[in-house]
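Structure record follows, encoded as structure tokens.
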Amino acid sequence: MSPTSPAGSPPDVGVVVPAAGRGERAGAGEPKQFRAIGGVPMLLRSIRPFASHPRVAEIVVVLPALWARKPPAWLAGVAGGRLRVVSGGDSRTVSVLNGVAALSPACRVVLVHDAARPFVSVETIDAVIHAASDGHGAIAAIPVSDTLKRADATGQLVAETVDRAGVWRAQTPQGFPRSQIEAGYQHWRDHGAVPDVTDDAALVEAAGFPVRLVPDRATNIKVTTADDFVIAEALAGQ
Ligand code: C5P
């Protein structure tokens, strides 16, 4: 199946954008996902490549409850009637769950993309959609190139060097056949409770589904700290 727009097939990809974090690591001020990078709110930059993608049927943005009741005005124009806003939860996992639940049944493929990644490429989105449309979970990821150390209990001394062979950093977007991401959450509900995981593939993996690695670009950074904003401004200026 073509990664872009197969002739005659209606858009069937639902995108969930978790943006309900408090962003405290970025410092004081408004939620970091609303802060401008190169004059454009970070969340808007993160949504735009999906809003213009021919396979995307719906985008659900998950905001803190206060903001979900009165979303920023600049959100309204980005994807027209295809964009919906819902409230998040105390953890990223709950926020994504709320977003998936808000997608219409027409969305057979679900993509999750963090609001904190404003520089995702169309090539990465295409590759993740392609894999998920073929029936496979897929995550944007980058092989680790640094040497890895594990700290001891004090957090100040090296306890050991960790073998980096075969280790990848998981990024977003992450894409899944809808039945698999829903089964991922259900698997954990059956085992008591859905744990607070830092990515969605972890739930799908635990339910026994294979997840493919899609090599991503290093420019798809996650903007978390004040230093990340400095890097993001430089990327936006390119
Ligand atoms: O906290 P972390 O950097 O891992 O958050 C990743 C993404 O998940 C961010 O876009 C953040 O806004 C979102 N998030 C959320 N609901 C939470 C916590 C984080 O939607 N309760």
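In the structure tokens, chains take letters A, B, ... by order of appearance, with residues numbered from 1 within each chain and ligands from 1 in the order shown.
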
List as JSON, numbers by chain the protein and nucleic acid residues lying within 7 Å of ligand 1, with only C-alpha atoms and all ligand atoms counted. {"A": [18, 19, 20, 21, 22, 23, 33, 62, 63, 88, 89, 90, 91, 92, 94, 95, 96, 114, 115, 116, 198, 224]}

Give me, as a PyMOL selection string, the residues of segment 115-223 of chain A that a backbone DSSP run labels strand (DSSP E or B). chain A and resi 137-143+148-151+158-162+168-177+211-215

Please report the interatomic distance between atom CA of Ile221 of chain A and atom CA of Thr172 of chain A in Å with one decimal.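 These atoms are spaced 9.6 Å apart.
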
Might you pull out every residue within 12 Å of Arg48 of chain A, with only C-alpha atoms counted and same-chain residues fewer than 2 positions away left off, and present them as a PyMOL selection string? chain A and resi 15+17+40-46+50-53+56+59+74-75+77-80+83+113+115+117-122+125

Which neighbours of segment 137-142 of chain A fall inside 8 Å, counting only C-alpha atoms, when residues of the same chain fewer than 6 positions from it are skipped, and could you give them as a list in words?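 Counting only C-alpha atoms, the residues come to Thr124, Val128, Ala131, Trp168, Arg169, Ala170, Gln171, Thr172, Pro173, Gln174, Gly175, Phe176, Pro177, Gln180, Ala201, Val204, Phe209, Pro210, Val211, Arg212, Leu213, Val214, Pro215, Asp216, Arg217 and Ala218 of chain A.
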
How would the residues just chosen look if you wrote them out with N, CA and C atoms as a compact mmCIF listing (two decimals), in the first residue's frame?
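Wrote again.txt, looks like this:
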# COMPACT_ATOMS: atom_id res chain seq x y z
N THR A 124 9.28 10.51 7.78
CA THR A 124 9.07 9.66 8.95
C THR A 124 7.59 9.33 9.12
N VAL A 128 5.99 5.48 9.04
CA VAL A 128 5.24 4.91 10.16
C VAL A 128 3.83 4.54 9.70
N ALA A 131 3.98 1.27 7.61
CA ALA A 131 4.11 0.04 8.41
C ALA A 131 2.81 -0.28 9.13
N TRP A 168 18.17 1.48 20.74
CA TRP A 168 17.60 2.60 19.98
C TRP A 168 16.87 3.52 20.94
N ARG A 169 16.83 4.82 20.59
CA ARG A 169 15.99 5.77 21.32
C ARG A 169 14.63 5.82 20.65
N ALA A 170 13.57 5.60 21.43
CA ALA A 170 12.21 5.64 20.87
C ALA A 170 11.73 7.08 20.78
N GLN A 171 11.24 7.46 19.62
CA GLN A 171 10.71 8.82 19.41
C GLN A 171 9.23 8.69 19.07
N THR A 172 8.67 9.76 18.57
CA THR A 172 7.33 9.68 17.98
C THR A 172 7.41 10.36 16.62
N PRO A 173 6.55 10.04 15.65
CA PRO A 173 5.30 9.30 15.83
C PRO A 173 5.51 7.80 16.02
N GLN A 174 4.50 7.22 16.70
CA GLN A 174 4.38 5.77 16.82
C GLN A 174 3.02 5.41 16.24
N GLY A 175 3.00 4.39 15.38
CA GLY A 175 1.75 4.06 14.68
C GLY A 175 1.38 2.60 14.87
N PHE A 176 0.08 2.35 14.93
CA PHE A 176 -0.40 0.99 15.19
C PHE A 176 -1.71 0.76 14.46
N PRO A 177 -1.95 -0.48 14.01
CA PRO A 177 -3.32 -0.81 13.65
C PRO A 177 -4.16 -0.54 14.90
N GLN A 180 -4.54 -3.12 17.54
CA GLN A 180 -3.38 -3.48 18.37
C GLN A 180 -3.17 -2.51 19.53
N ALA A 201 4.32 2.16 22.41
CA ALA A 201 4.76 0.86 21.93
C ALA A 201 4.95 -0.11 23.09
N VAL A 204 1.88 -2.04 23.59
CA VAL A 204 1.60 -2.93 22.46
C VAL A 204 2.57 -4.12 22.47
N PHE A 209 2.53 -8.03 20.47
CA PHE A 209 2.62 -7.65 19.06
C PHE A 209 4.04 -7.17 18.74
N PRO A 210 4.57 -7.57 17.57
CA PRO A 210 5.88 -7.05 17.17
C PRO A 210 5.78 -5.57 16.81
N VAL A 211 6.82 -4.82 17.09
CA VAL A 211 6.84 -3.39 16.77
C VAL A 211 8.11 -3.10 15.96
N ARG A 212 7.93 -2.49 14.81
CA ARG A 212 9.06 -2.22 13.92
C ARG A 212 9.75 -0.90 14.25
N LEU A 213 11.06 -0.88 14.00
CA LEU A 213 11.85 0.35 14.18
C LEU A 213 11.93 1.08 12.84
N VAL A 214 11.53 2.33 12.83
CA VAL A 214 11.61 3.16 11.62
C VAL A 214 12.72 4.19 11.86
N PRO A 215 13.85 4.08 11.15
CA PRO A 215 14.95 5.03 11.41
C PRO A 215 14.48 6.47 11.19
N ASP A 216 14.70 7.30 12.20
CA ASP A 216 14.21 8.68 12.18
C ASP A 216 15.38 9.63 11.99
N ARG A 217 15.05 10.92 11.81
CA ARG A 217 16.08 11.95 11.67
C ARG A 217 16.38 12.56 13.03
N ALA A 218 17.64 12.93 13.22
CA ALA A 218 18.07 13.51 14.50
C ALA A 218 17.40 14.85 14.76

Among listed residues A:Val100, A:Val158, A:Ile231, A:Ala132, nearest Tyr185 of chain A (using only C-alpha atoms): A:Val100

May I have all residues of segment 17-146 of chain A that DSSP, computed from the backbone, assigns to alpha helix (DSSP H), given as a PyMOL selection string? chain A and resi 42-51+65-69+92-101+122-133

Can you spit out the residues from that selection as an mmCIF file, in the first residue's frame, using N, CA and C atoms?
data_model
loop_
_atom_site.group_PDB
_atom_site.id
_atom_site.type_symbol
_atom_site.label_atom_id
_atom_site.label_comp_id
_atom_site.auth_asym_id
_atom_site.auth_seq_id
_atom_site.Cartn_x
_atom_site.Cartn_y
_atom_site.Cartn_z
ATOM 1 N N MET A 42 4.719 25.800 19.576
ATOM 2 C CA MET A 42 5.291 24.451 19.372
ATOM 3 C C MET A 42 4.221 23.440 18.986
ATOM 4 N N LEU A 43 3.074 23.480 19.669
ATOM 5 C CA LEU A 43 2.010 22.513 19.376
ATOM 6 C C LEU A 43 1.539 22.629 17.926
ATOM 7 N N LEU A 44 1.438 23.845 17.436
ATOM 8 C CA LEU A 44 1.008 24.076 16.052
ATOM 9 C C LEU A 44 2.016 23.464 15.077
ATOM 10 N N ARG A 45 3.299 23.669 15.350
ATOM 11 C CA ARG A 45 4.345 23.073 14.504
ATOM 12 C C ARG A 45 4.243 21.544 14.512
ATOM 13 N N SER A 46 3.909 20.978 15.692
ATOM 14 C CA SER A 46 3.862 19.507 15.806
ATOM 15 C C SER A 46 2.666 18.926 15.055
ATOM 16 N N ILE A 47 1.579 19.687 14.957
ATOM 17 C CA ILE A 47 0.355 19.191 14.315
ATOM 18 C C ILE A 47 0.382 19.357 12.796
ATOM 19 N N ARG A 48 0.953 20.470 12.318
ATOM 20 C CA ARG A 48 0.835 20.841 10.902
ATOM 21 C C ARG A 48 1.174 19.748 9.890
ATOM 22 N N PRO A 49 2.289 19.011 10.063
ATOM 23 C CA PRO A 49 2.623 17.994 9.046
ATOM 24 C C PRO A 49 1.571 16.886 8.959
ATOM 25 N N PHE A 50 0.847 16.659 10.038
ATOM 26 C CA PHE A 50 -0.219 15.647 10.023
ATOM 27 C C PHE A 50 -1.483 16.233 9.399
ATOM 28 N N ALA A 51 -1.742 17.508 9.695
ATOM 29 C CA ALA A 51 -2.953 18.162 9.178
ATOM 30 C C ALA A 51 -2.933 18.204 7.648
ATOM 31 N N ALA A 65 -7.068 20.024 31.228
ATOM 32 C CA ALA A 65 -8.523 20.253 31.302
ATOM 33 C C ALA A 65 -8.902 21.726 31.160
ATOM 34 N N LEU A 66 -8.143 22.581 31.827
ATOM 35 C CA LEU A 66 -8.429 24.022 31.789
ATOM 36 C C LEU A 66 -8.380 24.556 30.351
ATOM 37 N N TRP A 67 -7.396 24.096 29.596
ATOM 38 C CA TRP A 67 -7.216 24.555 28.217
ATOM 39 C C TRP A 67 -8.162 23.844 27.256
ATOM 40 N N ALA A 68 -8.532 22.623 27.596
ATOM 41 C CA ALA A 68 -9.463 21.887 26.717
ATOM 42 C C ALA A 68 -10.822 22.588 26.693
ATOM 43 N N ARG A 69 -11.166 23.228 27.832
ATOM 44 C CA ARG A 69 -12.454 23.946 27.890
ATOM 45 C C ARG A 69 -12.399 25.216 27.041
ATOM 46 N N ARG A 92 0.776 10.638 30.972
ATOM 47 C CA ARG A 92 0.733 10.629 29.508
ATOM 48 C C ARG A 92 -0.122 9.468 29.023
ATOM 49 N N THR A 93 -0.016 8.325 29.691
ATOM 50 C CA THR A 93 -0.775 7.143 29.279
ATOM 51 C C THR A 93 -2.274 7.417 29.282
ATOM 52 N N VAL A 94 -2.759 8.043 30.357
ATOM 53 C CA VAL A 94 -4.197 8.355 30.431
ATOM 54 C C VAL A 94 -4.557 9.374 29.356
ATOM 55 N N SER A 95 -3.688 10.343 29.127
ATOM 56 C CA SER A 95 -3.966 11.345 28.091
ATOM 57 C C SER A 95 -4.119 10.674 26.721
ATOM 58 N N VAL A 96 -3.223 9.735 26.401
ATOM 59 C CA VAL A 96 -3.306 9.052 25.094
ATOM 60 C C VAL A 96 -4.576 8.200 25.028
ATOM 61 N N LEU A 97 -4.873 7.519 26.130
ATOM 62 C CA LEU A 97 -6.110 6.718 26.182
ATOM 63 C C LEU A 97 -7.329 7.577 25.857
ATOM 64 N N ASN A 98 -7.421 8.760 26.469
ATOM 65 C CA ASN A 98 -8.545 9.672 26.211
ATOM 66 C C ASN A 98 -8.587 10.050 24.733
ATOM 67 N N GLY A 99 -7.421 10.272 24.158
ATOM 68 C CA GLY A 99 -7.359 10.663 22.751
ATOM 69 C C GLY A 99 -7.802 9.545 21.822
ATOM 70 N N VAL A 100 -7.323 8.324 22.064
ATOM 71 C CA VAL A 100 -7.709 7.184 21.215
ATOM 72 C C VAL A 100 -9.222 6.971 21.297
ATOM 73 N N ALA A 101 -9.772 7.115 22.510
ATOM 74 C CA ALA A 101 -11.214 6.895 22.695
ATOM 75 C C ALA A 101 -12.048 7.910 21.912
ATOM 76 N N VAL A 122 8.038 14.636 7.006
ATOM 77 C CA VAL A 122 6.983 13.918 6.270
ATOM 78 C C VAL A 122 7.446 12.493 5.953
ATOM 79 N N GLU A 123 8.757 12.316 5.708
ATOM 80 C CA GLU A 123 9.278 10.977 5.397
ATOM 81 C C GLU A 123 9.045 10.024 6.578
ATOM 82 N N THR A 124 9.280 10.508 7.775
ATOM 83 C CA THR A 124 9.072 9.661 8.955
ATOM 84 C C THR A 124 7.588 9.329 9.117
ATOM 85 N N ILE A 125 6.729 10.335 8.950
ATOM 86 C CA ILE A 125 5.281 10.098 9.066
ATOM 87 C C ILE A 125 4.861 9.056 8.024
ATOM 88 N N ASP A 126 5.317 9.213 6.784
ATOM 89 C CA ASP A 126 4.978 8.263 5.711
ATOM 90 C C ASP A 126 5.396 6.842 6.093
ATOM 91 N N ALA A 127 6.625 6.703 6.597
ATOM 92 C CA ALA A 127 7.152 5.366 6.895
ATOM 93 C C ALA A 127 6.366 4.705 8.023
ATOM 94 N N VAL A 128 5.994 5.480 9.035
ATOM 95 C CA VAL A 128 5.243 4.913 10.160
ATOM 96 C C VAL A 128 3.828 4.536 9.701
ATOM 97 N N ILE A 129 3.198 5.402 8.912
ATOM 98 C CA ILE A 129 1.856 5.083 8.397
ATOM 99 C C ILE A 129 1.920 3.831 7.517
ATOM 100 N N HIS A 130 2.951 3.760 6.689
ATOM 101 C CA HIS A 130 3.108 2.613 5.778
ATOM 102 C C HIS A 130 3.154 1.301 6.561
ATOM 103 N N ALA A 131 3.984 1.267 7.611
ATOM 104 C CA ALA A 131 4.111 0.037 8.411
ATOM 105 C C ALA A 131 2.812 -0.281 9.128
ATOM 106 N N ALA A 132 2.188 0.732 9.718
ATOM 107 C CA ALA A 132 0.957 0.489 10.488
ATOM 108 C C ALA A 132 -0.184 0.058 9.564
ATOM 109 N N SER A 133 -0.190 0.568 8.339
ATOM 110 C CA SER A 133 -1.225 0.176 7.379
ATOM 111 C C SER A 133 -1.032 -1.267 6.925
#

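Put simply, atom CA of Ser179 of chain A is 8.4 Å away from atom CA of Val109 of chain A.
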
Ala165 of chain A surroundings by only C-alpha atoms, 10 Å radius, close-in-sequence under 6 positions cut, as a VMD selection string: chain A and resid 143 to 145 147

Output file for the selection above: N, CA, C and O atoms, as a PDB file, in the first residue's frame:
ATOM      1  N   PRO A 143      19.247   4.889  16.432  1.00  0.00           N
ATOM      2  CA  PRO A 143      20.225   4.059  17.148  1.00  0.00           C
ATOM      3  C   PRO A 143      21.067   4.929  18.085  1.00  0.00           C
ATOM      4  O   PRO A 143      21.441   6.042  17.720  1.00  0.00           O
ATOM      5  N   VAL A 144      21.330   4.434  19.273  1.00  0.00           N
ATOM      6  CA  VAL A 144      22.120   5.197  20.246  1.00  0.00           C
ATOM      7  C   VAL A 144      23.568   5.267  19.778  1.00  0.00           C
ATOM      8  O   VAL A 144      24.165   4.245  19.424  1.00  0.00           O
ATOM      9  N   SER A 145      24.148   6.479  19.784  1.00  0.00           N
ATOM     10  CA  SER A 145      25.545   6.620  19.351  1.00  0.00           C
ATOM     11  C   SER A 145      26.476   6.985  20.517  1.00  0.00           C
ATOM     12  O   SER A 145      27.686   6.883  20.385  1.00  0.00           O
ATOM     13  N   THR A 147      28.102   6.462  24.394  1.00  0.00           N
ATOM     14  CA  THR A 147      28.348   5.364  25.335  1.00  0.00           C
ATOM     15  C   THR A 147      27.410   5.531  26.532  1.00  0.00           C
ATOM     16  O   THR A 147      27.199   6.647  27.011  1.00  0.00           O
TER      17      THR A 147
END

Closest to Arg178 of chain A among A:Pro195, A:Gly14, A:Gly155, A:Gly237, using only C-alpha atoms? A:Gly14
